[in-house]
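Below: run22.txt (compact mmCIF, C-alpha atoms)
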```txt
# COMPACT_ATOMS: atom_id res chain seq x y z
CA MET O 23 0.00 0.00 0.00
CA LEU O 24 1.27 3.49 -0.78
CA PRO O 25 2.26 5.45 2.33
CA ALA O 26 0.16 8.50 3.19
CA GLU O 27 2.98 10.93 2.39
CA ILE O 28 3.22 9.59 -1.15
CA VAL O 29 -0.53 9.86 -1.63
CA GLU O 30 -0.15 13.43 -0.42
CA SER O 31 2.67 14.03 -2.94
CA ILE O 32 0.56 12.75 -5.83
CA LEU O 33 -2.45 14.84 -4.77
CA ASP O 34 -0.23 17.90 -4.40
CA PHE O 35 0.24 17.84 -8.15
CA LEU O 36 -3.46 18.07 -8.84
CA ASP O 37 -4.97 21.31 -9.93
CA LEU O 38 -7.16 22.43 -7.03
CA ARG O 39 -9.87 23.21 -9.58
CA ASP O 40 -9.84 19.58 -10.69
CA LYS O 41 -12.67 18.74 -8.34
CA PRO O 42 -13.85 15.57 -10.15
CA THR O 43 -10.47 13.91 -9.54
CA LEU O 44 -10.30 15.10 -5.93
CA LEU O 45 -13.86 13.93 -5.29
CA SER O 46 -13.00 10.52 -6.67
CA CYS O 47 -9.78 10.30 -4.62
CA SER O 48 -11.64 11.21 -1.43
CA LEU O 49 -13.71 8.03 -1.76
CA VAL O 50 -10.75 5.66 -2.19
CA SER O 51 -9.86 4.94 1.45
CA ARG O 52 -9.34 6.53 4.86
CA ILE O 53 -5.76 7.48 4.02
CA TRP O 54 -6.88 9.19 0.84
CA VAL O 55 -9.89 11.06 2.20
CA GLN O 56 -7.96 13.41 4.43
CA SER O 57 -5.48 14.53 1.77
CA SER O 58 -8.23 14.85 -0.82
CA GLN O 59 -10.55 16.90 1.37
CA GLN O 60 -7.69 19.17 2.41
CA HIS O 61 -7.38 20.10 -1.25
CA LEU O 62 -11.13 20.11 -1.92
CA PHE O 63 -11.95 22.57 0.84
CA ARG O 64 -8.86 24.78 0.59
CA THR O 65 -10.91 27.23 -1.46
CA THR O 66 -14.56 26.99 -0.57
CA THR O 67 -17.48 28.90 -2.05
CA ILE O 68 -20.54 28.55 0.11
CA SER O 69 -23.38 30.39 1.80
CA LEU O 70 -23.21 31.31 5.50
CA HIS O 71 -26.15 29.00 6.04
CA ARG O 72 -24.29 25.98 4.65
CA LEU O 73 -20.98 26.98 6.17
CA ARG O 74 -22.60 26.80 9.56
CA ARG O 75 -23.77 23.28 8.79
CA ILE O 76 -20.23 22.24 7.85
CA LEU O 77 -18.77 23.70 11.04
CA VAL O 78 -21.40 22.05 13.22
CA GLU O 79 -21.71 18.68 11.48
CA SER O 80 -18.16 18.17 10.16
CA PRO O 81 -15.83 20.37 12.21
CA HIS O 82 -12.81 18.37 11.02
CA LEU O 83 -13.19 20.16 7.65
CA ALA O 84 -12.80 23.63 9.18
CA PRO O 85 -8.97 23.72 9.32
CA TYR O 86 -8.80 22.86 5.61
CA ILE O 87 -10.50 26.12 4.56
CA ARG O 88 -7.95 28.79 3.64
CA THR O 89 -9.94 30.92 1.22
CA LEU O 90 -13.64 31.33 1.80
CA GLU O 91 -16.11 32.97 -0.53
CA ILE O 92 -19.46 33.64 1.10
CA ILE O 93 -22.32 33.84 -1.33
CA ASN O 94 -25.96 34.66 -0.84
CA ASP O 95 -28.22 31.64 -1.30
CA GLY O 96 -31.28 33.37 0.17
CA PHE O 97 -31.44 30.98 3.13
CA SER O 98 -28.96 33.06 5.09
CA PHE O 99 -31.58 35.75 5.31
CA LEU O 100 -34.10 33.52 7.03
CA PRO O 101 -34.10 33.32 10.81
CA VAL O 102 -32.50 30.02 11.82
CA THR O 103 -34.39 29.95 15.09
CA SER O 104 -38.12 29.59 14.95
CA HIS O 105 -40.72 29.11 17.61
CA SER O 106 -41.87 25.80 16.18
CA GLY O 107 -38.53 24.21 15.27
CA PRO O 108 -35.67 22.97 17.42
CA SER O 109 -32.92 25.33 18.49
CA PRO O 110 -29.90 25.27 16.18
CA ALA O 111 -26.89 23.31 17.37
CA PRO O 112 -24.34 25.56 19.05
CA LEU O 113 -21.38 26.60 16.95
CA PRO O 114 -18.25 24.71 18.05
CA HIS O 115 -14.99 26.48 18.77
CA LEU O 116 -13.69 27.53 15.37
CA ASN O 117 -10.34 26.05 14.42
CA LEU O 118 -9.82 27.69 11.05
CA SER O 119 -6.70 28.54 9.08
CA LEU O 120 -8.66 31.04 7.04
CA HIS O 121 -6.61 33.80 5.45
CA THR O 122 -8.92 35.26 2.81
CA LEU O 123 -12.64 35.94 3.11
CA SER O 124 -14.78 37.21 0.24
CA LEU O 125 -18.40 38.27 0.48
CA ALA O 126 -20.76 38.96 -2.37
CA ASN O 127 -24.31 40.32 -2.33
CA ILE O 128 -24.69 40.25 1.45
CA VAL O 129 -27.09 42.69 3.14
CA TRP O 130 -26.00 42.63 6.77
CA ASN O 131 -29.27 43.70 8.34
CA GLN O 132 -31.11 40.89 6.57
CA VAL O 133 -28.74 38.18 7.74
CA SER O 134 -30.17 36.16 10.63
CA GLU O 135 -28.64 36.87 14.00
CA ILE O 136 -27.12 33.44 14.39
CA LEU O 137 -25.35 33.76 11.04
CA GLN O 138 -24.20 37.25 11.94
CA GLN O 139 -22.55 35.67 14.97
CA LEU O 140 -20.86 33.14 12.70
CA PHE O 141 -19.61 35.91 10.44
CA LEU O 142 -18.21 37.87 13.38
CA ALA O 143 -16.48 34.71 14.60
CA LEU O 144 -14.88 34.33 11.17
CA LEU O 145 -13.62 37.91 11.34
CA ARG O 146 -11.99 37.22 14.70
CA GLN O 147 -9.84 34.40 13.30
CA PRO O 148 -6.21 35.34 13.94
CA THR O 149 -5.15 34.02 10.52
CA LEU O 150 -7.59 36.20 8.56
CA THR O 151 -5.62 38.93 6.80
CA THR O 152 -7.65 39.74 3.67
CA ILE O 153 -11.31 40.56 3.10
CA HIS O 154 -12.96 41.29 -0.24
CA LEU O 155 -16.47 42.80 -0.29
CA LYS O 156 -18.57 42.97 -3.43
CA SER O 157 -22.06 44.46 -3.64
CA CYS O 158 -22.60 44.21 0.11
CA GLN O 159 -24.50 46.47 2.48
CA PHE O 160 -23.31 47.02 6.05
CA PRO O 161 -24.60 49.52 8.63
CA PRO O 162 -22.45 52.64 9.15
CA SER O 163 -21.60 51.44 12.63
CA PHE O 164 -19.93 48.29 11.30
CA HIS O 165 -16.14 48.59 11.40
CA PHE O 166 -14.14 45.79 9.87
CA PHE O 167 -10.73 46.59 11.30
CA PRO O 168 -11.71 46.38 14.97
CA ALA O 169 -13.83 43.30 14.23
CA ALA O 170 -11.00 41.53 12.37
CA PRO O 171 -7.86 42.07 14.48
CA SER O 172 -5.44 40.51 11.97
CA LEU O 173 -6.88 42.26 8.92
CA LYS O 174 -4.26 43.82 6.64
CA ARG O 175 -6.15 44.23 3.38
CA LEU O 176 -9.75 45.21 2.75
CA THR O 177 -11.08 45.65 -0.77
CA ILE O 178 -14.51 47.11 -1.40
CA ASN O 179 -16.46 46.96 -4.62
CA PRO O 180 -19.26 48.76 -4.32
CA VAL O 181 -20.47 48.54 -0.75
CA ASP O 182 -23.11 50.67 0.96
CA PHE O 183 -22.50 51.69 4.57
CA MET R 9 27.33 12.13 -18.78
CA VAL R 10 26.62 11.13 -15.21
CA LEU R 11 27.44 7.78 -13.63
CA LEU R 12 24.68 6.38 -11.39
CA VAL R 13 24.96 3.25 -9.23
CA THR R 14 21.74 1.46 -8.30
CA SER R 15 20.83 -0.61 -5.25
CA ASP R 16 21.68 -3.83 -7.13
CA ASN R 17 25.12 -2.37 -7.92
CA GLU R 18 24.54 -1.76 -11.59
CA GLN R 19 26.15 1.28 -13.17
CA PHE R 20 24.39 3.61 -15.61
CA GLN R 21 25.97 6.26 -17.79
CA THR R 22 23.12 8.73 -18.28
CA GLU R 23 22.85 12.11 -19.94
CA LYS R 24 22.94 14.96 -17.48
CA ASP R 25 19.75 16.65 -18.72
CA ILE R 26 17.83 13.41 -18.20
CA VAL R 27 19.04 12.70 -14.68
CA GLU R 28 18.45 16.32 -13.75
CA ARG R 29 14.71 15.68 -13.91
CA SER R 30 15.42 14.36 -10.45
CA VAL R 31 15.69 17.26 -8.03
CA LEU R 32 17.66 14.99 -5.68
CA ILE R 33 20.31 14.16 -8.31
CA LYS R 34 20.38 17.73 -9.62
CA ASN R 35 21.15 18.99 -6.13
CA MET R 36 23.80 16.32 -5.63
CA LEU R 37 25.49 17.28 -8.90
CA GLU R 38 25.47 20.93 -7.90
CA ASP R 39 26.99 20.03 -4.55
CA VAL R 40 29.85 17.87 -5.91
CA GLY R 41 30.48 19.94 -9.05
CA GLU R 42 32.27 18.41 -12.06
CA SER R 43 33.28 14.92 -10.98
CA ASP R 44 33.67 11.41 -12.36
CA GLN R 45 32.58 9.93 -9.07
CA PRO R 46 29.52 7.68 -9.36
CA ILE R 47 26.33 8.83 -7.64
CA PRO R 48 24.90 6.06 -5.43
CA LEU R 49 21.13 5.54 -5.46
CA PRO R 50 20.64 2.98 -2.68
CA ASN R 51 16.83 3.16 -2.86
CA VAL R 52 16.49 2.60 -6.61
CA SER R 53 16.91 -0.69 -8.44
CA SER R 54 18.33 -0.91 -11.96
CA SER R 55 14.99 -1.97 -13.45
CA VAL R 56 13.25 1.07 -11.95
CA LEU R 57 16.03 3.44 -12.91
CA LYS R 58 15.74 2.29 -16.52
CA LYS R 59 12.08 3.28 -16.48
CA VAL R 60 12.41 6.62 -14.79
CA THR R 61 15.34 7.75 -16.93
CA GLN R 62 13.92 6.50 -20.20
CA PRO R 63 14.55 9.23 -22.77
CA SER R 64 11.41 10.53 -24.39
CA THR R 65 10.21 13.59 -26.20
CA GLY R 66 8.53 14.88 -23.08
CA PRO R 67 8.52 13.89 -19.45
CA THR R 68 8.56 10.13 -19.11
CA GLU R 69 5.06 9.00 -18.33
CA ILE R 70 3.83 5.61 -17.46
CA ASP R 71 0.56 3.75 -17.51
CA VAL R 72 -0.34 0.43 -16.06
CA ARG R 73 -0.27 -2.66 -18.24
CA GLY R 74 -3.69 -3.73 -19.35
CA ARG R 75 -5.35 -0.36 -19.60
CA TYR R 76 -4.06 0.31 -23.07
CA LEU R 77 -2.48 -1.56 -25.91
CA SER R 78 -0.14 1.23 -26.65
CA THR R 79 1.46 1.52 -30.06
CA ALA R 80 2.25 4.37 -32.37
CA SER R 81 -1.05 3.79 -34.11
CA THR R 82 -4.22 5.63 -33.20
CA THR R 83 -5.98 2.55 -31.83
CA VAL R 84 -6.82 2.64 -28.17
CA GLU R 85 -8.26 -0.35 -26.38
CA SER R 86 -9.97 0.07 -23.09
CA PRO R 87 -11.21 -3.15 -21.46
CA SER R 88 -13.75 -1.44 -19.27
CA ARG R 89 -14.99 1.22 -21.63
CA PRO R 90 -15.73 0.31 -25.23
CA PRO R 91 -15.06 2.97 -27.84
CA ILE R 92 -17.83 5.45 -28.25
CA LEU R 93 -19.67 4.41 -31.36
CA GLU R 94 -21.80 7.46 -31.96
CA GLN R 95 -19.32 10.19 -32.55
CA SER R 96 -19.07 12.81 -35.19
CA GLN R 97 -16.03 12.63 -37.46
CA ASP R 98 -14.60 15.72 -35.83
CA GLU R 99 -15.01 14.30 -32.37
CA THR R 100 -13.41 11.04 -33.44
CA ARG R 101 -10.50 12.82 -35.06
CA LYS R 102 -9.97 15.00 -32.02
CA ARG R 103 -10.04 11.97 -29.73
CA THR R 104 -7.60 9.88 -31.73
CA THR R 105 -5.24 12.81 -32.20
CA ASP R 106 -5.24 13.62 -28.52
CA ILE R 107 -4.65 10.05 -27.54
CA SER R 108 -2.02 9.17 -30.11
CA GLU R 109 0.12 12.18 -29.23
CA TRP R 110 -0.23 11.41 -25.58
CA ASP R 111 -0.04 7.65 -25.86
CA GLN R 112 3.31 7.56 -27.63
CA LYS R 113 4.96 8.92 -24.52
CA PHE R 114 3.77 5.99 -22.49
CA ILE R 115 5.45 2.85 -21.40
CA THR R 116 3.52 0.07 -19.77
CA VAL R 117 4.30 -1.48 -16.42
CA ASP R 118 2.78 -3.99 -14.06
CA GLN R 119 1.47 -3.04 -10.64
CA GLU R 120 4.60 -3.99 -8.72
CA MET R 121 6.70 -1.84 -11.01
CA LEU R 122 4.16 0.98 -10.71
CA PHE R 123 4.66 1.04 -6.95
CA GLU R 124 8.42 0.94 -7.29
CA ILE R 125 8.37 3.76 -9.81
CA ILE R 126 6.19 5.95 -7.59
CA LEU R 127 8.37 5.29 -4.56
CA ALA R 128 11.51 5.99 -6.62
CA ALA R 129 9.94 9.13 -8.07
CA ASN R 130 9.21 10.32 -4.56
CA TYR R 131 12.76 9.52 -3.39
CA LEU R 132 14.39 11.06 -6.44
CA ASP R 133 11.91 13.97 -6.42
CA ILE R 134 10.83 13.64 -10.05
CA LYS R 135 7.70 15.74 -10.22
CA SER R 136 6.64 14.62 -13.67
CA LEU R 137 6.22 11.07 -12.36
CA LEU R 138 4.09 12.10 -9.41
CA CYS R 139 1.58 13.57 -11.77
CA ARG R 140 -2.17 13.40 -11.84
CA ARG R 141 -2.11 10.91 -14.70
CA TRP R 142 -2.34 8.11 -12.14
CA LEU R 143 -5.68 9.46 -11.05
CA GLN R 144 -7.16 10.17 -14.42
CA ASP R 145 -9.12 7.96 -16.70
CA GLY R 146 -7.15 7.94 -19.92
CA SER R 147 -9.85 5.95 -21.67
CA GLN R 148 -11.85 9.16 -21.95
CA HIS R 149 -10.66 11.71 -24.46
CA ASP R 150 -10.99 14.46 -21.89
CA GLN R 151 -9.16 12.34 -19.32
CA GLY R 152 -11.70 12.67 -16.55
CA ALA R 153 -11.21 11.29 -13.07
CA ARG R 154 -10.74 7.59 -12.52
CA PRO R 155 -13.60 6.22 -10.41
CA PRO R 156 -12.59 5.40 -6.80
CA GLU R 157 -12.82 1.66 -7.41
CA GLU R 158 -10.35 1.92 -10.31
CA ILE R 159 -7.89 3.91 -8.19
CA ARG R 160 -8.18 1.21 -5.52
CA LYS R 161 -7.51 -1.49 -8.08
CA LEU R 162 -4.57 0.42 -9.55
CA PHE R 163 -2.85 0.89 -6.21
CA ASN R 164 -4.10 -2.33 -4.60
CA ILE R 165 -6.06 -0.47 -1.92
CA VAL R 166 -8.78 -2.03 0.21
CA ASN R 167 -11.92 0.02 0.70
CA ASP R 168 -11.83 0.49 4.48
CA PHE R 169 -14.86 2.78 4.70
CA THR R 170 -18.04 1.67 6.37
CA PRO R 171 -21.16 2.45 4.31
CA GLU R 172 -21.96 5.20 6.84
CA GLU R 173 -18.54 6.77 6.45
CA GLU R 174 -18.80 6.68 2.69
CA ALA R 175 -22.23 8.33 2.83
CA GLN R 176 -20.86 11.01 5.17
CA ILE R 177 -17.95 11.79 2.83
CA LYS R 178 -20.30 12.06 -0.13
CA LYS R 179 -22.45 14.47 1.84
CA GLU R 180 -19.42 16.56 2.83
CA ASN R 181 -18.19 16.58 -0.75
CA GLU R 182 -21.46 18.13 -1.86
CA TRP R 183 -20.47 21.15 0.22
CA ALA R 184 -17.21 21.38 -1.68
CA GLU R 185 -19.21 21.57 -4.88
CA ASP R 186 -21.55 24.20 -3.50
CA ARG R 187 -21.93 27.40 -5.45
```
Encoded form (structure tokens):
Amino acid sequence: MLPAEIVESILDFLDLRDKPTLLSCSLVSRIWVQSSQQHLFRTTTISLHRLRRILVESPHLAPYIRTLEIINDGFSFLPVTSHSGPSPAPLPHLNLSLHTLSLANIVWNQVSEILQQLFLALLRQPTLTTIHLKSCQFPPSFHFFPAAPSLKRLTINPVDF
Amino acid sequence: MVLLVTSDNEQFQTEKDIVERSVLIKNMLEDVGESDQPIPLPNVSSSVLKKVTQPSTGPTEIDVRGRYLSTASTTVESPSRPPILEQSQDETRKRTTDISEWDQKFITVDQEMLFEIILAANYLDIKSLLCRRWLQDGSQHDQGARPPEEIRKLFNIVNDFTPEEEAQIKKENEWAEDR
């Protein structure tokens, strides 16, 4: 059987955009799944709603995410808590290696409170140095630099405050 | 020319530009400078060295015996995937051209040799041999991914997932495809 480090070496030569090959490799065996998912989730495009599900249901994936693009799937605007449904599972301690966060088409005041908390937790990650905002709306009182203590680069394209 | 000595004590006179595909050997040559001293490769057998230093027009690439009957012709035989019968002439031409250009660079090996080559490529640090070709399905003209069961067969891997684990990974992978 090939040692894990050699599997890792072979996967290192894959183009990270070659998701079909990485998806296939992840289903080969336990040795292969970790290396494959590290590559698969390195750059992740997802809604806040689904990101929360990943962090709650599969927290082992969290450290793999280096670049995160948050998109608006509509669900993030719905309140997660409801009077009739069960309370959402608490967010575990975040163990991310996130360095770049991009947001597109997010209207802060319409994001449910629980997902706002998730977003603020992402900003607090000590590894996060770059944020890109595109077509987002934040209240004037929202200040990214105090909220993201390691932030070095913030790009804005067009954002309403 | 560079003199290499393999683990079974065989000596190889090899052109410098070929052995310098190996980052390990390239670094060794830079360290010792011009010298007639042989370079020992205690982790590489002569049969493997012959494969990994085989001169070719491009990087030496290898496929596993049985997947293709590789010749200089444009015929490709895939045991598991019969040729696509309903193709336009253009599609057929594109497919055969792609494959023949690519196929001529191949040599065929059995599974034991495949393992030895990969281990040697890792030791010698030959990036072109640790390429994604192992994971791609060359029977398709666009060289899509090999299915997991084929990768297992290729590398003699046992599926050690429980059905629940496999279902969980598939669910997680859907998140990776999310847009």
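Our summary of the geometry notes that atom CA of Asp34 of chain O is positioned 8.8 Å from atom CA of Ser57 of chain O.
Closest approach to chain O among R:Lys161, R:Ile134, R:Glu173, R:Ala153 is made by R:Ala153 (distances from only C-alpha atoms).
Atom pair atom CA of Thr22 of chain R / atom CA of Ile126 of chain R has a distance of 20.2 Å (rounded to one decimal).
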In Å to one decimal, how far is atom CA of Gln119 of chain R from atom CA of Val166 of chain R? 15.0 Å
Which residue is closest to chain R? Choose from O:Leu62, O:Leu150, O:Leu140, O:Leu173 and count all atoms listed in the file. O:Leu62
With 6 Å as the limit and counting all atoms listed in the file, what residues in chain O lie close to chain R? Please list them as a short mmCIF file (atom, residue, chain, number, x, y, z; two decimals) with C-alpha atoms, in the coordinates of the input.
```
data_model
loop_
_atom_site.label_atom_id
_atom_site.label_comp_id
_atom_site.auth_asym_id
_atom_site.auth_seq_id
_atom_site.Cartn_x
_atom_site.Cartn_y
_atom_site.Cartn_z
CA ILE O 32 0.56 12.75 -5.83
CA PHE O 35 0.24 17.84 -8.15
CA LEU O 36 -3.46 18.07 -8.84
CA PRO O 42 -13.85 15.57 -10.15
CA THR O 43 -10.47 13.91 -9.54
CA SER O 46 -13.00 10.52 -6.67
CA LEU O 49 -13.71 8.03 -1.76
CA VAL O 50 -10.75 5.66 -2.19
CA SER O 51 -9.86 4.94 1.45
CA PHE O 63 -11.95 22.57 0.84
CA THR O 67 -17.48 28.90 -2.05
CA ILE O 68 -20.54 28.55 0.11
#
```
Can you tell me, as number ranges by chain, what residues are no more than 12 Å from segment 42-54 of chain R when counting all atoms listed in the file, ignoring any on the same chain fewer than 2 positions away? R: 9-22, 24, 27, 30, 32-40, 56-62, 121, 123-132
For Arg64 of chain O, work out the shell of residues within 7 Å, counting only C-alpha atoms and skipping chain neighbours fewer than 6 positions away, then give it as a compact mmCIF listing (two decimals) with C-alpha atoms, in the frame of the given file.
```txt
# COMPACT_ATOMS: atom_id res chain seq x y z
CA TYR O 86 -8.80 22.86 5.61
CA ILE O 87 -10.50 26.12 4.56
CA ARG O 88 -7.95 28.79 3.64
CA THR O 89 -9.94 30.92 1.22
```
Extract, using all atoms listed in the file, all DNA, RNA and protein residues at most 12 Å from Thr149 of chain O, discarding same-chain residues fewer than 6 positions from it, and format them as a VMD selection string. chain O and resid 85 87 to 89 116 to 123 170 to 174
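Among the candidates O:Arg39, O:Arg175, O:His82, O:Lys156, the one nearest to Thr65 of chain O when counting only C-alpha atoms is O:Arg39.
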Write out as a PyMOL selection string the residues lying within 10 Å of His115 of chain O, counting only C-alpha atoms and excluding same-chain residues fewer than 6 positions away. chain O and resi 77-78+81+143
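Using only C-alpha atoms, the smallest distance between any of O:Gln139, O:Ser124, O:Ser163, O:Asn94 and Asn179 of chain O comes from O:Ser124.
The residue set within 9 Å of segment 54-56 of chain O, counting all atoms listed in the file and dropping same-chain residues fewer than 5 places from it, reads Ala26, Val29, Glu30, Leu45, Cys47, Ser48, Leu49 and His61 of chain O; Ile177 of chain R.
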Would you fill out segment 54-63 of chain O with all heavy atoms and return it as a PDB file, in the coordinates of the input?
```
ATOM      1  N   TRP O  54      -6.725   8.245   1.947  1.00  0.00           N
ATOM      2  CA  TRP O  54      -6.880   9.190   0.840  1.00  0.00           C
ATOM      3  C   TRP O  54      -7.858  10.312   1.157  1.00  0.00           C
ATOM      4  O   TRP O  54      -7.753  11.396   0.615  1.00  0.00           O
ATOM      5  CB  TRP O  54      -7.353   8.442  -0.414  1.00  0.00           C
ATOM      6  CG  TRP O  54      -6.280   7.647  -1.073  1.00  0.00           C
ATOM      7  CD1 TRP O  54      -5.590   6.600  -0.542  1.00  0.00           C
ATOM      8  CD2 TRP O  54      -5.752   7.827  -2.392  1.00  0.00           C
ATOM      9  NE1 TRP O  54      -4.679   6.119  -1.449  1.00  0.00           N
ATOM     10  CE2 TRP O  54      -4.761   6.842  -2.598  1.00  0.00           C
ATOM     11  CE3 TRP O  54      -6.040   8.715  -3.433  1.00  0.00           C
ATOM     12  CZ2 TRP O  54      -4.052   6.743  -3.790  1.00  0.00           C
ATOM     13  CZ3 TRP O  54      -5.331   8.605  -4.616  1.00  0.00           C
ATOM     14  CH2 TRP O  54      -4.343   7.629  -4.783  1.00  0.00           C
ATOM     15  N   VAL O  55      -8.835  10.065   2.028  1.00  0.00           N
ATOM     16  CA  VAL O  55      -9.890  11.060   2.200  1.00  0.00           C
ATOM     17  C   VAL O  55      -9.345  12.350   2.817  1.00  0.00           C
ATOM     18  O   VAL O  55      -9.714  13.454   2.404  1.00  0.00           O
ATOM     19  CB  VAL O  55     -11.077  10.497   3.013  1.00  0.00           C
ATOM     20  CG1 VAL O  55     -10.727  10.190   4.451  1.00  0.00           C
ATOM     21  CG2 VAL O  55     -12.247  11.468   2.977  1.00  0.00           C
ATOM     22  N   GLN O  56      -8.431  12.207   3.761  1.00  0.00           N
ATOM     23  CA  GLN O  56      -7.960  13.410   4.430  1.00  0.00           C
ATOM     24  C   GLN O  56      -7.187  14.326   3.457  1.00  0.00           C
ATOM     25  O   GLN O  56      -7.452  15.522   3.357  1.00  0.00           O
ATOM     26  CB  GLN O  56      -7.064  13.045   5.615  1.00  0.00           C
ATOM     27  CG  GLN O  56      -6.695  14.254   6.434  1.00  0.00           C
ATOM     28  CD  GLN O  56      -5.880  13.904   7.662  1.00  0.00           C
ATOM     29  OE1 GLN O  56      -5.749  12.751   8.029  1.00  0.00           O
ATOM     30  NE2 GLN O  56      -5.323  14.908   8.286  1.00  0.00           N
ATOM     31  N   SER O  57      -6.257  13.725   2.717  1.00  0.00           N
ATOM     32  CA  SER O  57      -5.480  14.530   1.770  1.00  0.00           C
ATOM     33  C   SER O  57      -6.387  15.135   0.704  1.00  0.00           C
ATOM     34  O   SER O  57      -6.209  16.294   0.314  1.00  0.00           O
ATOM     35  CB  SER O  57      -4.432  13.658   1.082  1.00  0.00           C
ATOM     36  OG  SER O  57      -3.552  13.123   2.028  1.00  0.00           O
ATOM     37  N   SER O  58      -7.360  14.359   0.246  1.00  0.00           N
ATOM     38  CA  SER O  58      -8.230  14.850  -0.820  1.00  0.00           C
ATOM     39  C   SER O  58      -9.096  16.006  -0.324  1.00  0.00           C
ATOM     40  O   SER O  58      -9.246  17.024  -1.001  1.00  0.00           O
ATOM     41  CB  SER O  58      -9.148  13.729  -1.321  1.00  0.00           C
ATOM     42  OG  SER O  58      -8.399  12.624  -1.711  1.00  0.00           O
ATOM     43  N   GLN O  59      -9.671  15.831   0.871  1.00  0.00           N
ATOM     44  CA  GLN O  59     -10.550  16.900   1.370  1.00  0.00           C
ATOM     45  C   GLN O  59      -9.760  18.150   1.762  1.00  0.00           C
ATOM     46  O   GLN O  59     -10.283  19.259   1.658  1.00  0.00           O
ATOM     47  CB  GLN O  59     -11.379  16.376   2.546  1.00  0.00           C
ATOM     48  CG  GLN O  59     -12.478  15.413   2.075  1.00  0.00           C
ATOM     49  CD  GLN O  59     -13.511  15.131   3.133  1.00  0.00           C
ATOM     50  OE1 GLN O  59     -13.206  15.083   4.319  1.00  0.00           O
ATOM     51  NE2 GLN O  59     -14.752  14.903   2.718  1.00  0.00           N
ATOM     52  N   GLN O  60      -8.519  17.974   2.151  1.00  0.00           N
ATOM     53  CA  GLN O  60      -7.690  19.170   2.410  1.00  0.00           C
ATOM     54  C   GLN O  60      -7.610  20.022   1.146  1.00  0.00           C
ATOM     55  O   GLN O  60      -7.661  21.244   1.201  1.00  0.00           O
ATOM     56  CB  GLN O  60      -6.281  18.760   2.829  1.00  0.00           C
ATOM     57  CG  GLN O  60      -6.179  18.431   4.301  1.00  0.00           C
ATOM     58  CD  GLN O  60      -4.790  17.979   4.690  1.00  0.00           C
ATOM     59  OE1 GLN O  60      -3.860  18.031   3.898  1.00  0.00           O
ATOM     60  NE2 GLN O  60      -4.647  17.530   5.913  1.00  0.00           N
ATOM     61  N   HIS O  61      -7.451  19.360   0.014  1.00  0.00           N
ATOM     62  CA  HIS O  61      -7.380  20.100  -1.250  1.00  0.00           C
ATOM     63  C   HIS O  61      -8.760  20.595  -1.676  1.00  0.00           C
ATOM     64  O   HIS O  61      -8.907  21.705  -2.161  1.00  0.00           O
ATOM     65  CB  HIS O  61      -6.801  19.209  -2.349  1.00  0.00           C
ATOM     66  CG  HIS O  61      -5.336  18.943  -2.192  1.00  0.00           C
ATOM     67  ND1 HIS O  61      -4.836  18.084  -1.240  1.00  0.00           N
ATOM     68  CD2 HIS O  61      -4.259  19.428  -2.838  1.00  0.00           C
ATOM     69  CE1 HIS O  61      -3.526  18.049  -1.333  1.00  0.00           C
ATOM     70  NE2 HIS O  61      -3.139  18.860  -2.296  1.00  0.00           N
ATOM     71  N   LEU O  62      -9.777  19.751  -1.475  1.00  0.00           N
ATOM     72  CA  LEU O  62     -11.130  20.110  -1.920  1.00  0.00           C
ATOM     73  C   LEU O  62     -11.663  21.363  -1.234  1.00  0.00           C
ATOM     74  O   LEU O  62     -12.340  22.179  -1.830  1.00  0.00           O
ATOM     75  CB  LEU O  62     -12.091  18.959  -1.628  1.00  0.00           C
ATOM     76  CG  LEU O  62     -12.235  17.867  -2.672  1.00  0.00           C
ATOM     77  CD1 LEU O  62     -13.058  16.720  -2.116  1.00  0.00           C
ATOM     78  CD2 LEU O  62     -12.890  18.414  -3.943  1.00  0.00           C
ATOM     79  N   PHE O  63     -11.363  21.469   0.056  1.00  0.00           N
ATOM     80  CA  PHE O  63     -11.950  22.570   0.840  1.00  0.00           C
ATOM     81  C   PHE O  63     -11.014  23.750   1.006  1.00  0.00           C
ATOM     82  O   PHE O  63     -11.365  24.708   1.677  1.00  0.00           O
ATOM     83  CB  PHE O  63     -12.423  22.042   2.209  1.00  0.00           C
ATOM     84  CG  PHE O  63     -13.682  21.222   2.107  1.00  0.00           C
ATOM     85  CD1 PHE O  63     -13.615  19.853   1.921  1.00  0.00           C
ATOM     86  CD2 PHE O  63     -14.927  21.812   2.147  1.00  0.00           C
ATOM     87  CE1 PHE O  63     -14.775  19.094   1.795  1.00  0.00           C
ATOM     88  CE2 PHE O  63     -16.085  21.069   2.023  1.00  0.00           C
ATOM     89  CZ  PHE O  63     -16.013  19.698   1.851  1.00  0.00           C
TER      90      PHE O  63
END
```
